[in-house]
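Step one of this worksheet: look at the structure below.
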Amino acid sequence: MKKIQQWHIYMAMGCVVAASICITLGCFYWPLFLAAGGFTIGYILVDRKYLRCPYCRGFINLDWLFYDRNHEYHCSRCGNRVEIE
């Protein structure tokens, strides 16, 4: 059975948190907007490559994947169970 790695979820969540912090602090120091762009691109790359349904490659929301770590979740597109390793 195909699984999504748990550390990919943590890496994507870290990119989202870092980007939001950089955007907030970018109001005081403008180069942080560039770092926020880098973190956003990092999240997009991780999402496209690793955080899709292993069966149909459909999009799964990051908060659903976070919830799926301890609960059962089925892909809304193909109906297969998505497991986190």
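By order in the structure tokens, chains are A, B, ...; within a chain, residues start at 1; ligands start at 1, following the order shown.
Within chain A, the backbone-based DSSP assignment of strand (DSSP E or B) covers A:Lys3, A:Ile4, A:Arg52, A:Phe59, A:Tyr73, A:His74, A:Arg81, A:Val82, A:Glu83, A:Ile84.
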Quick one: residues within 12 Å of A:Ala12, only C-alpha atoms, excluding same-chain residues fewer than 3 positions away - as a ChimeraX atom specification?
/A:5-9,15-19,39-51,61-63,65-66
Generate the output file for the selected residues, N, CA, C and O atoms, as an mmCIF file, in the first residue's frame.
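Listed below is the output, selection.cif:
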data_model
loop_
_atom_site.group_PDB
_atom_site.id
_atom_site.type_symbol
_atom_site.label_atom_id
_atom_site.label_comp_id
_atom_site.auth_asym_id
_atom_site.auth_seq_id
_atom_site.Cartn_x
_atom_site.Cartn_y
_atom_site.Cartn_z
ATOM 1 N N GLN A 5 4.778 10.201 3.450
ATOM 2 C CA GLN A 5 5.714 10.313 4.559
ATOM 3 C C GLN A 5 5.297 11.463 5.483
ATOM 4 O O GLN A 5 4.940 12.546 5.029
ATOM 5 N N GLN A 6 5.388 11.225 6.792
ATOM 6 C CA GLN A 6 4.971 12.224 7.759
ATOM 7 C C GLN A 6 5.905 13.433 7.769
ATOM 8 O O GLN A 6 5.464 14.557 7.963
ATOM 9 N N TRP A 7 7.171 13.229 7.502
ATOM 10 C CA TRP A 7 8.102 14.359 7.546
ATOM 11 C C TRP A 7 7.881 15.319 6.384
ATOM 12 O O TRP A 7 8.233 16.488 6.472
ATOM 13 N N HIS A 8 7.263 14.850 5.284
ATOM 14 C CA HIS A 8 6.905 15.767 4.201
ATOM 15 C C HIS A 8 5.807 16.728 4.660
ATOM 16 O O HIS A 8 5.803 17.906 4.277
ATOM 17 N N ILE A 9 4.896 16.217 5.466
ATOM 18 C CA ILE A 9 3.833 17.074 5.999
ATOM 19 C C ILE A 9 4.433 18.137 6.917
ATOM 20 O O ILE A 9 4.078 19.317 6.836
ATOM 21 N N CYS A 15 7.277 25.322 6.017
ATOM 22 C CA CYS A 15 7.353 26.334 4.955
ATOM 23 C C CYS A 15 6.221 27.339 5.071
ATOM 24 O O CYS A 15 6.429 28.547 4.894
ATOM 25 N N VAL A 16 5.038 26.879 5.391
ATOM 26 C CA VAL A 16 3.888 27.780 5.529
ATOM 27 C C VAL A 16 4.083 28.721 6.719
ATOM 28 O O VAL A 16 3.852 29.935 6.618
ATOM 29 N N VAL A 17 4.535 28.184 7.845
ATOM 30 C CA VAL A 17 4.753 29.010 9.035
ATOM 31 C C VAL A 17 5.869 30.022 8.791
ATOM 32 O O VAL A 17 5.737 31.206 9.133
ATOM 33 N N ALA A 18 6.979 29.570 8.191
ATOM 34 C CA ALA A 18 8.094 30.479 7.927
ATOM 35 C C ALA A 18 7.695 31.579 6.947
ATOM 36 O O ALA A 18 8.088 32.743 7.118
ATOM 37 N N ALA A 19 6.910 31.241 5.929
ATOM 38 C CA ALA A 19 6.468 32.252 4.971
ATOM 39 C C ALA A 19 5.561 33.278 5.637
ATOM 40 O O ALA A 19 5.685 34.481 5.376
ATOM 41 N N PHE A 39 10.077 30.497 0.569
ATOM 42 C CA PHE A 39 9.355 29.497 1.362
ATOM 43 C C PHE A 39 8.053 29.076 0.674
ATOM 44 O O PHE A 39 7.656 27.911 0.733
ATOM 45 N N THR A 40 7.397 30.015 0.015
ATOM 46 C CA THR A 40 6.169 29.684 -0.710
ATOM 47 C C THR A 40 6.465 28.757 -1.879
ATOM 48 O O THR A 40 5.730 27.784 -2.105
ATOM 49 N N ILE A 41 7.527 29.019 -2.596
ATOM 50 C CA ILE A 41 7.922 28.134 -3.699
ATOM 51 C C ILE A 41 8.296 26.756 -3.161
ATOM 52 O O ILE A 41 7.952 25.728 -3.754
ATOM 53 N N GLY A 42 8.975 26.718 -2.002
ATOM 54 C CA GLY A 42 9.308 25.438 -1.376
ATOM 55 C C GLY A 42 8.072 24.634 -1.025
ATOM 56 O O GLY A 42 8.015 23.420 -1.242
ATOM 57 N N TYR A 43 7.056 25.312 -0.482
ATOM 58 C CA TYR A 43 5.805 24.620 -0.160
ATOM 59 C C TYR A 43 5.145 24.072 -1.419
ATOM 60 O O TYR A 43 4.669 22.939 -1.443
ATOM 61 N N ILE A 44 5.121 24.864 -2.469
ATOM 62 C CA ILE A 44 4.479 24.427 -3.714
ATOM 63 C C ILE A 44 5.183 23.192 -4.277
ATOM 64 O O ILE A 44 4.534 22.243 -4.734
ATOM 65 N N LEU A 45 6.514 23.185 -4.226
ATOM 66 C CA LEU A 45 7.261 22.033 -4.732
ATOM 67 C C LEU A 45 7.002 20.776 -3.914
ATOM 68 O O LEU A 45 6.805 19.689 -4.471
ATOM 69 N N VAL A 46 6.989 20.905 -2.593
ATOM 70 C CA VAL A 46 6.714 19.747 -1.726
ATOM 71 C C VAL A 46 5.291 19.254 -1.957
ATOM 72 O O VAL A 46 5.037 18.045 -2.040
ATOM 73 N N ASP A 47 4.354 20.182 -2.093
ATOM 74 C CA ASP A 47 2.958 19.798 -2.302
ATOM 75 C C ASP A 47 2.778 19.067 -3.625
ATOM 76 O O ASP A 47 2.103 18.036 -3.678
ATOM 77 N N ARG A 48 3.370 19.558 -4.675
ATOM 78 C CA ARG A 48 3.210 18.935 -5.993
ATOM 79 C C ARG A 48 3.862 17.563 -6.070
ATOM 80 O O ARG A 48 3.366 16.683 -6.750
ATOM 81 N N LYS A 49 4.999 17.394 -5.387
ATOM 82 C CA LYS A 49 5.744 16.149 -5.521
ATOM 83 C C LYS A 49 5.327 15.075 -4.516
ATOM 84 O O LYS A 49 5.265 13.898 -4.861
ATOM 85 N N TYR A 50 5.034 15.459 -3.266
ATOM 86 C CA TYR A 50 4.861 14.467 -2.210
ATOM 87 C C TYR A 50 3.485 14.429 -1.548
ATOM 88 O O TYR A 50 3.117 13.409 -0.998
ATOM 89 N N LEU A 51 2.748 15.519 -1.546
ATOM 90 C CA LEU A 51 1.525 15.588 -0.752
ATOM 91 C C LEU A 51 0.258 15.415 -1.575
ATOM 92 O O LEU A 51 -0.756 16.038 -1.310
ATOM 93 N N ASN A 61 -5.741 18.705 0.946
ATOM 94 C CA ASN A 61 -5.462 19.896 1.726
ATOM 95 C C ASN A 61 -4.506 19.572 2.865
ATOM 96 O O ASN A 61 -4.560 18.496 3.454
ATOM 97 N N LEU A 62 -3.621 20.501 3.212
ATOM 98 C CA LEU A 62 -2.600 20.261 4.225
ATOM 99 C C LEU A 62 -3.207 20.010 5.592
ATOM 100 O O LEU A 62 -2.726 19.161 6.341
ATOM 101 N N ASP A 63 -4.285 20.703 5.936
ATOM 102 C CA ASP A 63 -4.884 20.452 7.246
ATOM 103 C C ASP A 63 -5.564 19.088 7.302
ATOM 104 O O ASP A 63 -5.616 18.459 8.356
ATOM 105 N N LEU A 65 -4.327 16.439 5.781
ATOM 106 C CA LEU A 65 -3.197 15.536 5.999
ATOM 107 C C LEU A 65 -2.736 15.577 7.446
ATOM 108 O O LEU A 65 -2.366 14.550 8.017
ATOM 109 N N PHE A 66 -2.755 16.759 8.053
ATOM 110 C CA PHE A 66 -2.389 16.867 9.461
ATOM 111 C C PHE A 66 -3.378 16.085 10.327
ATOM 112 O O PHE A 66 -2.993 15.425 11.289
#
Would you mind writing down, as a PyMOL selection string, each residue of chain A that DSSP on the backbone assigns to alpha helix (DSSP H)?
chain A and resi 6-25+32-50+62-68
Shell around A:Gly58 at 10 Å using only C-alpha atoms, local window under 4 positions removed, as a list in words:
Arg48, Leu51, Arg52, Cys53, Pro54, Cys75, Ser76, Arg77 and Cys78 of chain A
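Note that the spacing between atom CA of A:Leu32 and atom CA of A:Met11 amounts to 19.5 Å.
With only C-alpha atoms as the atoms that count, the minimum distance from A:Cys56 to the choices A:Glu72, A:Gly38, A:Tyr10, A:Val82 is reached by A:Val82.
Interatomic distance, atom CA of A:Arg69 against atom CA of A:Gly14: 16.2 Å.
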Which residue out of A:Cys22, A:Tyr55, A:Trp64, A:Phe28 has the minimum interatomic distance to A:Arg81 when only C-alpha atoms are used?
A:Tyr55
